[in-house]
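Asks: For reference, the file entry-v1.cif (mmCIF, C-alpha atoms) is included below:
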data_target
loop_
_atom_site.group_PDB
_atom_site.id
_atom_site.type_symbol
_atom_site.label_atom_id
_atom_site.label_comp_id
_atom_site.auth_asym_id
_atom_site.auth_seq_id
_atom_site.Cartn_x
_atom_site.Cartn_y
_atom_site.Cartn_z
ATOM 1 C CA MET A 50 51.435 29.479 -87.391
ATOM 2 C CA GLN A 51 54.071 29.034 -90.069
ATOM 3 C CA GLY A 52 52.644 28.104 -93.460
ATOM 4 C CA LYS A 53 49.094 29.101 -92.582
ATOM 5 C CA PRO A 54 47.031 30.210 -95.626
ATOM 6 C CA VAL A 55 46.302 33.927 -95.796
ATOM 7 C CA SER A 56 42.508 33.643 -95.715
ATOM 8 C CA LYS A 57 39.625 31.354 -94.900
ATOM 9 C CA ILE A 58 38.739 31.309 -98.589
ATOM 10 C CA SER A 59 42.131 29.854 -99.516
ATOM 11 C CA MET A 60 41.793 27.297 -96.696
ATOM 12 C CA PHE A 61 38.431 26.050 -97.918
ATOM 13 C CA TRP A 62 39.580 26.151 -101.515
ATOM 14 C CA SER A 63 42.410 23.766 -100.591
ATOM 15 C CA LEU A 64 39.881 21.452 -98.935
ATOM 16 C CA THR A 65 38.095 20.999 -102.280
ATOM 17 C CA LYS A 66 41.219 19.304 -103.718
ATOM 18 C CA PRO A 67 41.111 21.566 -106.798
ATOM 19 C CA ALA A 68 43.141 19.296 -109.094
ATOM 20 C CA GLN A 69 41.032 16.224 -108.330
ATOM 21 C CA SER A 70 37.741 18.113 -108.444
ATOM 22 C CA GLY A 71 38.809 19.823 -111.651
ATOM 23 C CA LEU A 72 39.535 16.501 -113.323
ATOM 24 C CA LEU A 73 36.128 15.112 -112.329
ATOM 25 C CA LEU A 74 34.498 18.304 -113.596
ATOM 26 C CA ALA A 75 36.324 17.845 -116.895
ATOM 27 C CA THR A 76 34.827 14.360 -117.255
ATOM 28 C CA GLY A 77 31.348 15.774 -116.625
ATOM 29 C CA LEU A 78 31.766 18.443 -119.275
ATOM 30 C CA ALA A 79 33.220 15.874 -121.678
ATOM 31 C CA GLY A 80 30.210 13.633 -121.058
ATOM 32 C CA TYR A 81 27.877 16.463 -122.049
ATOM 33 C CA LEU A 82 29.908 17.600 -125.055
ATOM 34 C CA SER A 83 30.346 14.015 -126.303
ATOM 35 C CA VAL A 84 26.730 14.069 -127.497
ATOM 36 C CA TYR A 85 26.442 15.288 -131.096
ATOM 37 C CA SER A 86 23.031 16.834 -130.497
ATOM 38 C CA ALA A 87 24.007 18.598 -127.242
ATOM 39 C CA THR A 88 23.169 22.287 -127.303
ATOM 40 C CA SER A 89 26.045 24.762 -127.184
ATOM 41 C CA ASP A 90 24.005 27.102 -124.967
ATOM 42 C CA ALA A 91 26.671 28.849 -122.891
ATOM 43 C CA LEU A 92 24.298 29.411 -119.972
ATOM 44 C CA LEU A 93 23.391 25.727 -119.711
ATOM 45 C CA ILE A 94 27.035 24.663 -119.916
ATOM 46 C CA PHE A 95 27.898 27.217 -117.234
ATOM 47 C CA GLN A 96 25.131 25.875 -114.984
ATOM 48 C CA LEU A 97 26.303 22.314 -115.598
ATOM 49 C CA ALA A 98 29.880 23.241 -114.713
ATOM 50 C CA LEU A 99 29.060 25.202 -111.580
ATOM 51 C CA SER A 100 26.421 22.834 -110.176
ATOM 52 C CA LEU A 101 28.681 19.843 -110.771
ATOM 53 C CA PHE A 102 31.738 21.537 -109.290
ATOM 54 C CA LEU A 103 29.817 22.626 -106.179
ATOM 55 C CA SER A 104 28.495 19.086 -105.698
ATOM 56 C CA ILE A 105 31.968 17.583 -106.040
ATOM 57 C CA ALA A 106 33.571 20.263 -103.855
ATOM 58 C CA GLY A 107 30.865 19.879 -101.210
ATOM 59 C CA SER A 108 31.365 16.141 -100.988
ATOM 60 C CA THR A 109 35.140 16.589 -100.779
ATOM 61 C CA ILE A 110 34.873 19.138 -97.955
ATOM 62 C CA LEU A 111 32.505 16.849 -96.058
ATOM 63 C CA ASN A 112 34.975 13.996 -96.516
ATOM 64 C CA MET A 113 37.663 16.225 -94.979
ATOM 65 C CA TRP A 114 35.357 16.955 -92.061
ATOM 66 C CA TRP A 115 34.624 13.270 -91.506
ATOM 67 C CA ASP A 116 38.272 12.191 -91.848
ATOM 68 C CA ARG A 117 39.792 14.975 -89.742
ATOM 69 C CA ASP A 118 40.899 12.501 -87.052
ATOM 70 C CA ILE A 119 42.765 10.147 -89.381
ATOM 71 C CA ASP A 120 44.155 13.030 -91.462
ATOM 72 C CA SER A 121 45.962 14.305 -88.370
ATOM 73 C CA LYS A 122 47.761 10.942 -88.089
ATOM 74 C CA MET A 123 49.060 10.786 -91.667
ATOM 75 C CA GLY A 124 52.157 12.688 -92.727
ATOM 76 C CA ARG A 125 50.806 13.694 -96.132
ATOM 77 C CA THR A 126 47.592 15.160 -94.679
ATOM 78 C CA GLN A 127 48.825 16.685 -91.421
ATOM 79 C CA LYS A 128 49.166 20.105 -93.033
ATOM 80 C CA ARG A 129 45.540 20.321 -94.117
ATOM 81 C CA ALA A 130 43.552 23.179 -92.630
ATOM 82 C CA THR A 131 41.321 20.668 -90.832
ATOM 83 C CA SER A 132 44.299 18.854 -89.315
ATOM 84 C CA GLN A 133 46.014 22.077 -88.264
ATOM 85 C CA GLY A 134 42.881 23.485 -86.649
ATOM 86 C CA TRP A 135 42.906 26.579 -88.863
ATOM 87 C CA VAL A 136 39.179 26.052 -89.458
ATOM 88 C CA SER A 137 36.740 24.705 -86.887
ATOM 89 C CA GLN A 138 34.797 21.471 -87.263
ATOM 90 C CA LYS A 139 31.538 23.416 -87.335
ATOM 91 C CA GLU A 140 32.816 25.693 -90.097
ATOM 92 C CA VAL A 141 33.909 22.766 -92.250
ATOM 93 C CA LEU A 142 30.631 20.912 -91.720
ATOM 94 C CA PHE A 143 28.580 24.023 -92.480
ATOM 95 C CA VAL A 144 30.500 24.954 -95.645
ATOM 96 C CA GLY A 145 30.560 21.364 -96.897
ATOM 97 C CA ALA A 146 26.843 20.868 -96.274
ATOM 98 C CA LEU A 147 25.877 24.231 -97.772
ATOM 99 C CA THR A 148 28.021 23.715 -100.859
ATOM 100 C CA SER A 149 26.576 20.226 -101.320
ATOM 101 C CA VAL A 150 22.968 21.390 -100.972
ATOM 102 C CA VAL A 151 23.458 24.245 -103.420
ATOM 103 C CA GLY A 152 25.277 22.048 -105.935
ATOM 104 C CA VAL A 153 22.918 19.070 -105.838
ATOM 105 C CA GLY A 154 19.838 21.296 -105.549
ATOM 106 C CA TRP A 155 20.925 23.326 -108.562
ATOM 107 C CA ALA A 156 21.553 20.117 -110.526
ATOM 108 C CA LEU A 157 18.045 18.868 -109.740
ATOM 109 C CA ALA A 158 16.587 22.223 -110.780
ATOM 110 C CA ILE A 159 18.388 22.038 -114.131
ATOM 111 C CA ASN A 160 17.120 18.536 -114.921
ATOM 112 C CA GLY A 161 15.709 15.758 -112.761
ATOM 113 C CA LEU A 162 17.726 12.895 -114.268
ATOM 114 C CA TYR A 163 20.933 14.904 -114.278
ATOM 115 C CA GLY A 164 20.348 15.915 -110.658
ATOM 116 C CA MET A 165 19.661 12.327 -109.571
ATOM 117 C CA VAL A 166 22.944 11.116 -111.078
ATOM 118 C CA VAL A 167 24.829 14.005 -109.442
ATOM 119 C CA PHE A 168 23.202 13.167 -106.106
ATOM 120 C CA ALA A 169 24.128 9.493 -106.547
ATOM 121 C CA GLY A 170 27.769 10.517 -106.983
ATOM 122 C CA TRP A 171 27.610 12.670 -103.856
ATOM 123 C CA PHE A 172 25.917 9.913 -101.835
ATOM 124 C CA PHE A 173 28.351 7.183 -102.869
ATOM 125 C CA ASP A 174 31.306 9.427 -102.074
ATOM 126 C CA VAL A 175 30.251 10.879 -98.724
ATOM 127 C CA VAL A 176 27.975 8.274 -97.176
ATOM 128 C CA VAL A 177 28.957 4.931 -98.701
ATOM 129 C CA TYR A 178 32.676 5.426 -99.302
ATOM 130 C CA SER A 179 33.843 7.811 -96.577
ATOM 131 C CA MET A 180 31.420 7.325 -93.710
ATOM 132 C CA TRP A 181 30.597 3.642 -94.086
ATOM 133 C CA LEU A 182 33.340 1.657 -95.825
ATOM 134 C CA LYS A 183 36.673 3.533 -95.919
ATOM 135 C CA ARG A 184 37.719 2.490 -92.419
ATOM 136 C CA ARG A 185 36.272 -1.008 -92.728
ATOM 137 C CA THR A 186 37.507 -2.525 -95.979
ATOM 138 C CA CYS A 187 40.017 -1.881 -98.740
ATOM 139 C CA TRP A 188 37.218 -2.649 -101.212
ATOM 140 C CA SER A 189 35.782 0.775 -100.409
ATOM 141 C CA ILE A 190 37.676 2.047 -103.473
ATOM 142 C CA VAL A 191 35.103 0.325 -105.686
ATOM 143 C CA TRP A 192 32.350 2.470 -104.240
ATOM 144 C CA GLY A 193 34.564 5.521 -104.374
ATOM 145 C CA GLY A 194 35.126 4.639 -108.019
ATOM 146 C CA ILE A 195 31.384 4.563 -108.665
ATOM 147 C CA SER A 196 31.203 8.068 -107.237
ATOM 148 C CA GLY A 197 34.004 9.218 -109.515
ATOM 149 C CA ALA A 198 32.216 7.736 -112.524
ATOM 150 C CA MET A 199 29.013 9.704 -111.953
ATOM 151 C CA PRO A 200 30.081 13.128 -113.352
ATOM 152 C CA ILE A 201 30.619 11.850 -116.892
ATOM 153 C CA LEU A 202 27.376 9.877 -116.748
ATOM 154 C CA ALA A 203 25.567 12.953 -115.418
ATOM 155 C CA GLY A 204 26.895 15.214 -118.164
ATOM 156 C CA ARG A 205 25.891 12.822 -120.923
ATOM 157 C CA ALA A 206 22.500 12.211 -119.315
ATOM 158 C CA LEU A 207 21.835 15.956 -119.298
ATOM 159 C CA ALA A 208 22.579 16.207 -123.015
ATOM 160 C CA LEU A 209 20.550 13.125 -123.984
ATOM 161 C CA GLN A 210 17.788 13.421 -121.368
ATOM 162 C CA SER A 211 18.397 9.707 -120.841
ATOM 163 C CA ILE A 212 21.138 7.198 -120.017
ATOM 164 C CA ASP A 213 22.633 5.256 -122.919
ATOM 165 C CA TRP A 214 25.125 2.434 -123.174
ATOM 166 C CA ILE A 215 27.942 4.771 -124.232
ATOM 167 C CA GLY A 216 27.473 6.837 -121.079
ATOM 168 C CA VAL A 217 27.562 3.655 -119.009
ATOM 169 C CA ALA A 218 30.700 2.477 -120.843
ATOM 170 C CA LEU A 219 32.424 5.814 -120.237
ATOM 171 C CA ALA A 220 31.465 5.674 -116.559
ATOM 172 C CA PHE A 221 32.729 2.084 -116.406
ATOM 173 C CA GLY A 222 36.037 3.224 -117.914
ATOM 174 C CA ILE A 223 36.484 5.837 -115.189
ATOM 175 C CA LEU A 224 35.422 3.360 -112.509
ATOM 176 C CA LEU A 225 38.184 1.032 -113.689
ATOM 177 C CA TRP A 226 40.686 3.886 -114.069
ATOM 178 C CA ILE A 227 40.282 5.030 -110.467
ATOM 179 C CA PRO A 228 42.088 1.977 -108.935
ATOM 180 C CA THR A 229 45.103 2.858 -111.109
ATOM 181 C CA HIS A 230 45.076 6.278 -109.502
ATOM 182 C CA THR A 231 44.256 5.307 -105.920
ATOM 183 C CA LEU A 232 46.180 2.043 -105.584
ATOM 184 C CA THR A 233 49.441 3.565 -106.773
ATOM 185 C CA PHE A 234 48.822 6.258 -104.173
ATOM 186 C CA SER A 235 48.181 3.720 -101.403
ATOM 187 C CA MET A 236 51.379 1.888 -102.310
ATOM 188 C CA LYS A 237 53.400 5.073 -101.978
ATOM 189 C CA PHE A 238 51.855 6.003 -98.614
ATOM 190 C CA GLN A 239 51.458 2.579 -97.009
ATOM 191 C CA LYS A 240 52.849 3.749 -93.679
ATOM 192 C CA ASP A 241 50.508 6.739 -93.528
ATOM 193 C CA TYR A 242 47.448 4.572 -94.027
ATOM 194 C CA ALA A 243 48.731 2.017 -91.529
ATOM 195 C CA ASP A 244 49.299 4.757 -88.929
ATOM 196 C CA ALA A 245 45.706 5.927 -89.418
ATOM 197 C CA GLY A 246 44.285 2.403 -89.350
ATOM 198 C CA VAL A 247 42.823 2.648 -92.860
ATOM 199 C CA PRO A 248 42.791 -0.718 -94.717
ATOM 200 C CA THR A 249 44.346 -0.689 -98.185
ATOM 201 C CA PHE A 250 44.950 -3.255 -100.914
ATOM 202 C CA PRO A 251 48.707 -3.367 -100.244
ATOM 203 C CA SER A 252 48.127 -4.037 -96.535
ATOM 204 C CA ALA A 253 45.409 -6.643 -97.176
ATOM 205 C CA TYR A 254 46.753 -8.494 -100.216
ATOM 206 C CA GLY A 255 50.381 -7.446 -100.596
ATOM 207 C CA LEU A 256 52.225 -5.392 -103.208
ATOM 208 C CA ALA A 257 52.382 -8.106 -105.878
ATOM 209 C CA THR A 258 48.613 -8.599 -105.936
ATOM 210 C CA THR A 259 48.038 -4.841 -105.869
ATOM 211 C CA ARG A 260 50.271 -4.387 -108.911
ATOM 212 C CA LEU A 261 48.359 -7.132 -110.729
ATOM 213 C CA VAL A 262 45.041 -5.470 -109.910
ATOM 214 C CA ILE A 263 46.372 -2.158 -111.225
ATOM 215 C CA ALA A 264 47.500 -3.801 -114.475
ATOM 216 C CA VAL A 265 44.153 -5.534 -115.035
ATOM 217 C CA SER A 266 42.156 -2.471 -114.058
ATOM 218 C CA SER A 267 44.189 -0.195 -116.339
ATOM 219 C CA THR A 268 43.776 -2.577 -119.271
ATOM 220 C CA LEU A 269 40.013 -2.805 -118.796
ATOM 221 C CA ALA A 270 39.726 0.967 -118.348
ATOM 222 C CA ALA A 271 41.534 1.556 -121.648
ATOM 223 C CA ALA A 272 39.335 -1.055 -123.354
ATOM 224 C CA ALA A 273 36.179 0.653 -122.059
ATOM 225 C CA MET A 274 37.381 4.004 -123.390
ATOM 226 C CA ILE A 275 38.130 2.546 -126.818
ATOM 227 C CA VAL A 276 34.751 0.772 -126.966
ATOM 228 C CA SER A 277 33.064 4.061 -126.065
ATOM 229 C CA ALA A 278 35.044 5.864 -128.767
ATOM 230 C CA VAL A 279 34.025 3.323 -131.402
ATOM 231 C CA GLY A 280 30.420 3.599 -130.252
ATOM 232 C CA LEU A 281 30.571 7.370 -130.708
ATOM 233 C CA GLY A 282 31.908 6.921 -134.220
ATOM 234 C CA MET A 283 35.248 8.560 -133.409
ATOM 235 C CA GLY A 284 37.338 9.134 -136.531
ATOM 236 C CA TRP A 285 40.438 7.051 -137.186
ATOM 237 C CA GLY A 286 42.839 9.859 -136.388
ATOM 238 C CA PHE A 287 41.407 10.464 -132.936
ATOM 239 C CA LEU A 288 40.973 6.734 -132.382
ATOM 240 C CA LEU A 289 44.646 6.103 -133.131
ATOM 241 C CA LEU A 290 45.645 8.830 -130.674
ATOM 242 C CA LEU A 291 43.426 7.296 -128.006
ATOM 243 C CA GLY A 292 44.893 3.891 -128.772
ATOM 244 C CA ALA A 293 48.444 5.212 -128.397
ATOM 245 C CA LEU A 294 47.574 6.816 -125.055
ATOM 246 C CA SER A 295 45.952 3.569 -123.911
ATOM 247 C CA ILE A 296 48.935 1.456 -124.933
ATOM 248 C CA ARG A 297 51.205 3.711 -122.879
ATOM 249 C CA LEU A 298 48.906 3.280 -119.848
ATOM 250 C CA PHE A 299 48.969 -0.493 -120.348
ATOM 251 C CA MET A 300 52.764 -0.589 -120.654
ATOM 252 C CA LEU A 301 53.275 1.408 -117.462
ATOM 253 C CA ALA A 302 50.796 -0.777 -115.565
ATOM 254 C CA VAL A 303 52.381 -4.021 -116.751
ATOM 255 C CA GLY A 304 55.828 -2.569 -116.109
ATOM 256 C CA MET A 305 54.930 -2.351 -112.425
ATOM 257 C CA ILE A 306 54.620 -6.136 -112.342
ATOM 258 C CA PHE A 307 57.928 -6.974 -114.001
ATOM 259 C CA LYS A 308 59.913 -3.976 -112.802
ATOM 260 C CA PRO A 309 58.478 -2.823 -109.486
ATOM 261 C CA ALA A 310 60.086 0.432 -108.436
ATOM 262 C CA GLU A 311 59.055 3.688 -106.802
ATOM 263 C CA GLN A 312 59.849 5.599 -109.981
ATOM 264 C CA VAL A 313 57.590 3.352 -112.092
ATOM 265 C CA ASN A 314 54.823 3.648 -109.510
ATOM 266 C CA LEU A 315 55.072 7.446 -109.492
ATOM 267 C CA GLY A 316 55.179 7.557 -113.274
ATOM 268 C CA LEU A 317 51.966 5.546 -113.560
ATOM 269 C CA PHE A 318 50.260 7.685 -110.914
ATOM 270 C CA LYS A 319 51.024 10.875 -112.836
ATOM 271 C CA TYR A 320 50.279 9.417 -116.254
ATOM 272 C CA ALA A 321 46.902 8.043 -115.150
ATOM 273 C CA SER A 322 45.558 11.565 -114.602
ATOM 274 C CA MET A 323 47.107 12.813 -117.847
ATOM 275 C CA TYR A 324 45.574 9.856 -119.681
ATOM 276 C CA MET A 325 42.087 10.570 -118.416
ATOM 277 C CA LEU A 326 42.251 14.293 -119.161
ATOM 278 C CA ALA A 327 43.676 13.676 -122.649
ATOM 279 C CA SER A 328 40.975 11.076 -123.333
ATOM 280 C CA MET A 329 38.256 13.536 -122.363
ATOM 281 C CA ILE A 330 39.712 16.162 -124.698
ATOM 282 C CA LEU A 331 39.791 13.654 -127.561
ATOM 283 C CA PHE A 332 36.154 12.679 -126.991
ATOM 284 C CA VAL A 333 35.081 16.319 -127.155
ATOM 285 C CA LEU A 334 37.206 17.193 -130.177
ATOM 286 C CA ALA A 335 36.072 14.107 -132.072
ATOM 287 C CA VAL A 336 32.453 15.160 -131.728
ATOM 288 C CA ARG A 337 32.807 18.934 -132.015
ATOM 289 C CA LEU A 338 35.270 19.208 -134.918
#
Now, as a test, write the supplied structure out as structure tokens.

Replies:
Amino acid sequence: MQGKPVSKISMFWSLTKPAQSGLLLATGLAGYLSVYSATSDALLIFQLALSLFLSIAGSTILNMWWDRDIDSKMGRTQKRATSQGWVSQKEVLFVGALTSVVGVGWALAINGLYGMVVFAGWFFDVVVYSMWLKRRTCWSIVWGGISGAMPILAGRALALQSIDWIGVALAFGILLWIPTHTLTFSMKFQKDYADAGVPTFPSAYGLATTRLVIAVSSTLAAAAMIVSAVGLGMGWGFLLLLGALSIRLFMLAVGMIFKPAEQVNLGLFKYASMYMLASMILFVLAVRL
């Protein structure tokens, strides 16, 4: 078959959505390193990174297994290994389940609280979001957002051995950031989702309302990040950088309302990921330097 990956390893690697999983992993590491008293033990950080990545990757592979029927109907997902039949359903289920068990089990072995938060992220993503709500309501993104917020909460909980308000605020910021990422995506691929019968905000409430939700969500996400930064005692230099990044996010989100265009939508989609990664780097540097 033309375009087929060269090995099963590369096929399954693509099913983990490396860029997305990598970004979530970055938030988990940032959550851990945002604690002043967090140990710099390389072995513990390595275990955190690998257990968290395996948990995220496992949930993503299982989502691919569950959504294989609708993925084959959408243009942007028809080339996935699951849609093309390059890997069998049993293989995908086995690898996804095994990766999930190893990742979550390892997290629980490292620390009970950390493992419980990691498991909560896995459960909300696979069971609540994908299996239960994704095909039923466009509001499923809220529960998917909760899943995406768990890595940073887990990382900080591991460092503190408890959950504090700053960890909750950081998680809340990511929860509110996720609609900026996902709703711009659903606007771009409205037809794909309609072909697969997956409800989205644009199909349920229209483009104007979706743009308004993105603007409000982006503003609140930026506010949550700034509140978290102040709570951490971030220095003025880093705080000003975070503020500048947040203002840019706000301007792009509001720009969608007054100047709706595909280019603006794509620009916000790309910047949202850059904003989150840059914010995580600032949180780490502010504490570690």

Asks: What does the PyMOL selection byres ((chain A and resi 70-78) around 7) select in this file, as a list in words?

Replies: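 In the shown coordinates, the PyMOL selection byres ((chain A and resi 70-78) around 7) covers Thr65, Lys66, Pro67, Ala68, Gln69, Ala79, Gly80, Tyr81, Leu82, Ala98, Leu101, Phe102, Ile105, Ala106, Gly197, Pro200, Ile201, Ala203, Gly204, Leu326 and Met329 of chain A.
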
Asks: When the PyMOL selection byres ((chain A and resi 93) around 12) is applied to the structure above, which residues does it catch, written out as a list in words?

Replies: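 Applied to this file, the PyMOL selection byres ((chain A and resi 93) around 12) returns Leu78, Tyr81, Leu82, Ala87, Thr88, Ser89, Asp90, Ala91, Leu92, Ile94, Phe95, Gln96, Leu97, Ala98, Leu99, Ser100, Leu101, Trp155, Ala156, Ala158, Ile159, Asn160, Gly204, Leu207 and Ala208 of chain A.
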
Asks: Mind giving me the straight-line distance from atom CA of A:Ala257 to atom CA of A:Asn314 in Å, one decimal?

Replies: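 Between atom CA of A:Ala257 and atom CA of A:Asn314 the gap works out to 12.5 Å.
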
Asks: Can you tell me which residues surround stretch 259-273 of chain A at a distance of at most 8 Å, considering all atoms listed in the file, apart from same-chain residues fewer than 4 positions away, and format the answer as number ranges by chain?

Replies: A: 218-219, 221-226, 228-229, 232-233, 250-251, 254-255, 277, 295, 298-299, 302-303, 305-306

Asks: I'd like a table as CSV: residues in stretch 147-244 of chain A with an atom no more than 9 Å from stretch 118-129 of chain A, each row giving the shortest atom pair and its distance in Å to one decimal, all atoms listed in the file counted, sorted by chain and rising residue number.

Replies:
residue,atom,partner,partner_atom,distance
A:Phe238,CA,A:Arg125,CA,8.1
A:Lys240,CA,A:Met123,CA,8.2
A:Asp241,CA,A:Met123,CA,4.7
A:Tyr242,CA,A:Met123,CA,6.8
A:Ala243,CA,A:Met123,CA,8.8
A:Asp244,CA,A:Lys122,CA,6.4

Asks: Give the centre and edge lengths of an axis-aligned box, in Å to one decimal, that holds all listed atoms of stretch 146-159 of chain A with 3 Å on each side, as lines of an AutoDock Vina configuration file.

Replies:
center_x = 22.3
center_y = 21.6
center_z = -105.2
size_x = 17.4
size_y = 11.4
size_z = 23.9

Asks: Could you check the closest approach to A:Pro309 for each of A:Ser189, A:Ser137, A:Thr258, A:Thr131 and tell me which residue wins, using all atoms listed in the file?

Replies: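 Checking each of A:Ser189, A:Ser137, A:Thr258, A:Thr131 against A:Pro309, counting all atoms listed in the file, the winner is A:Thr258.
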
Asks: To one decimal place in Å, what is the distance between atom CA of A:Gly161 and atom CA of A:Leu209?

Replies: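 Between atom CA of A:Gly161 and atom CA of A:Leu209 the gap is 12.5 Å.
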
Asks: Is there a way to get, as a list in words, all residues within 12 Å of the point (40.0, 32.1, -93.3) in file coordinates, counting all atoms listed in the file?

Replies: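 Nearby residues: Lys53, Pro54, Val55, Ser56, Lys57, Ile58, Ser59, Met60, Phe61, Trp62, Ser63, Ala130, Thr131, Gly134, Trp135, Val136, Ser137, Glu140 and Val141 of chain A.
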
Asks: Measure the distance from atom CA of A:Phe168 to atom CA of A:Leu331 in Å and round it to one decimal.

Replies: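 Result for atom CA of A:Phe168 versus atom CA of A:Leu331: 27.1 Å, one decimal.
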
Asks: Find the spatial neighbours of A:Met199, counting all atoms listed in the file, within a cut-off of 7 Å - ignore same-chain residues fewer than 2 positions away - and output them as a list in words.

Replies: Val166, Val167, Gly170, Ile195, Ser196, Gly197, Ile201, Leu202, Ala203 and Ala220 of chain A

Asks: Mind telling me what the PyMOL selection byres ((chain A and resi 336) around 8) catches here, as a list in words?

Replies: Leu82, Ser83, Val84, Tyr85, Met283, Phe332, Val333, Leu334, Ala335, Arg337 and Leu338 of chain A

Asks: Using only C-alpha atoms, can you tell me which of A:Gly107, A:Met165, A:Phe173, A:Val217 comes closest to A:Val151?

Replies: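 Among A:Gly107, A:Met165, A:Phe173, A:Val217, it is A:Gly107 that comes nearest to A:Val151.
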
Asks: Select stretch 116-136 of chain A in the preceding structure and write N, CA and C atoms to a file as a compact mmCIF listing (two decimals), in the first residue's frame.

Replies:
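Output (part_30.txt):
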# COMPACT_ATOMS: atom_id res chain seq x y z
N ASP A 116 -12.47 4.58 18.18
CA ASP A 116 -12.98 5.48 17.14
C ASP A 116 -12.62 5.02 15.72
N ARG A 117 -12.17 3.78 15.57
CA ARG A 117 -11.72 3.34 14.25
C ARG A 117 -12.81 3.43 13.19
N ASP A 118 -14.08 3.28 13.57
CA ASP A 118 -15.16 3.34 12.59
C ASP A 118 -15.40 4.76 12.09
N ILE A 119 -15.39 5.73 13.01
CA ILE A 119 -15.62 7.11 12.58
C ILE A 119 -14.37 7.70 11.94
N ASP A 120 -13.19 7.25 12.34
CA ASP A 120 -11.95 7.73 11.72
C ASP A 120 -11.90 7.40 10.23
N SER A 121 -12.48 6.26 9.86
CA SER A 121 -12.46 5.85 8.46
C SER A 121 -13.40 6.71 7.61
N LYS A 122 -14.28 7.49 8.24
CA LYS A 122 -15.23 8.32 7.52
C LYS A 122 -14.75 9.77 7.36
N MET A 123 -13.70 10.13 8.11
CA MET A 123 -13.24 11.52 8.09
C MET A 123 -11.96 11.64 7.26
N GLY A 124 -11.93 12.65 6.40
CA GLY A 124 -10.79 12.81 5.51
C GLY A 124 -9.47 12.95 6.23
N ARG A 125 -9.45 13.69 7.33
CA ARG A 125 -8.18 13.95 8.03
C ARG A 125 -7.67 12.74 8.79
N THR A 126 -8.51 11.73 9.01
CA THR A 126 -8.08 10.56 9.80
C THR A 126 -8.09 9.27 8.98
N GLN A 127 -8.43 9.36 7.71
CA GLN A 127 -8.53 8.15 6.89
C GLN A 127 -7.19 7.47 6.64
N LYS A 128 -6.10 8.21 6.86
CA LYS A 128 -4.78 7.64 6.60
C LYS A 128 -4.15 7.04 7.86
N ARG A 129 -4.87 7.05 8.97
CA ARG A 129 -4.33 6.45 10.17
C ARG A 129 -4.19 4.94 9.99
N ALA A 130 -3.25 4.37 10.70
CA ALA A 130 -2.99 2.93 10.57
C ALA A 130 -4.24 2.11 10.90
N THR A 131 -5.05 2.60 11.84
CA THR A 131 -6.27 1.88 12.20
C THR A 131 -7.30 1.96 11.08
N SER A 132 -7.38 3.12 10.43
CA SER A 132 -8.34 3.29 9.33
C SER A 132 -7.93 2.50 8.10
N GLN A 133 -6.62 2.43 7.85
CA GLN A 133 -6.11 1.74 6.67
C GLN A 133 -6.06 0.23 6.85
N GLY A 134 -6.22 -0.25 8.08
CA GLY A 134 -6.15 -1.68 8.31
C GLY A 134 -4.73 -2.22 8.36
N TRP A 135 -3.75 -1.33 8.56
CA TRP A 135 -2.36 -1.77 8.64
C TRP A 135 -2.08 -2.51 9.95
N VAL A 136 -2.89 -2.23 10.96
CA VAL A 136 -2.80 -2.96 12.23
C VAL A 136 -4.20 -3.48 12.55
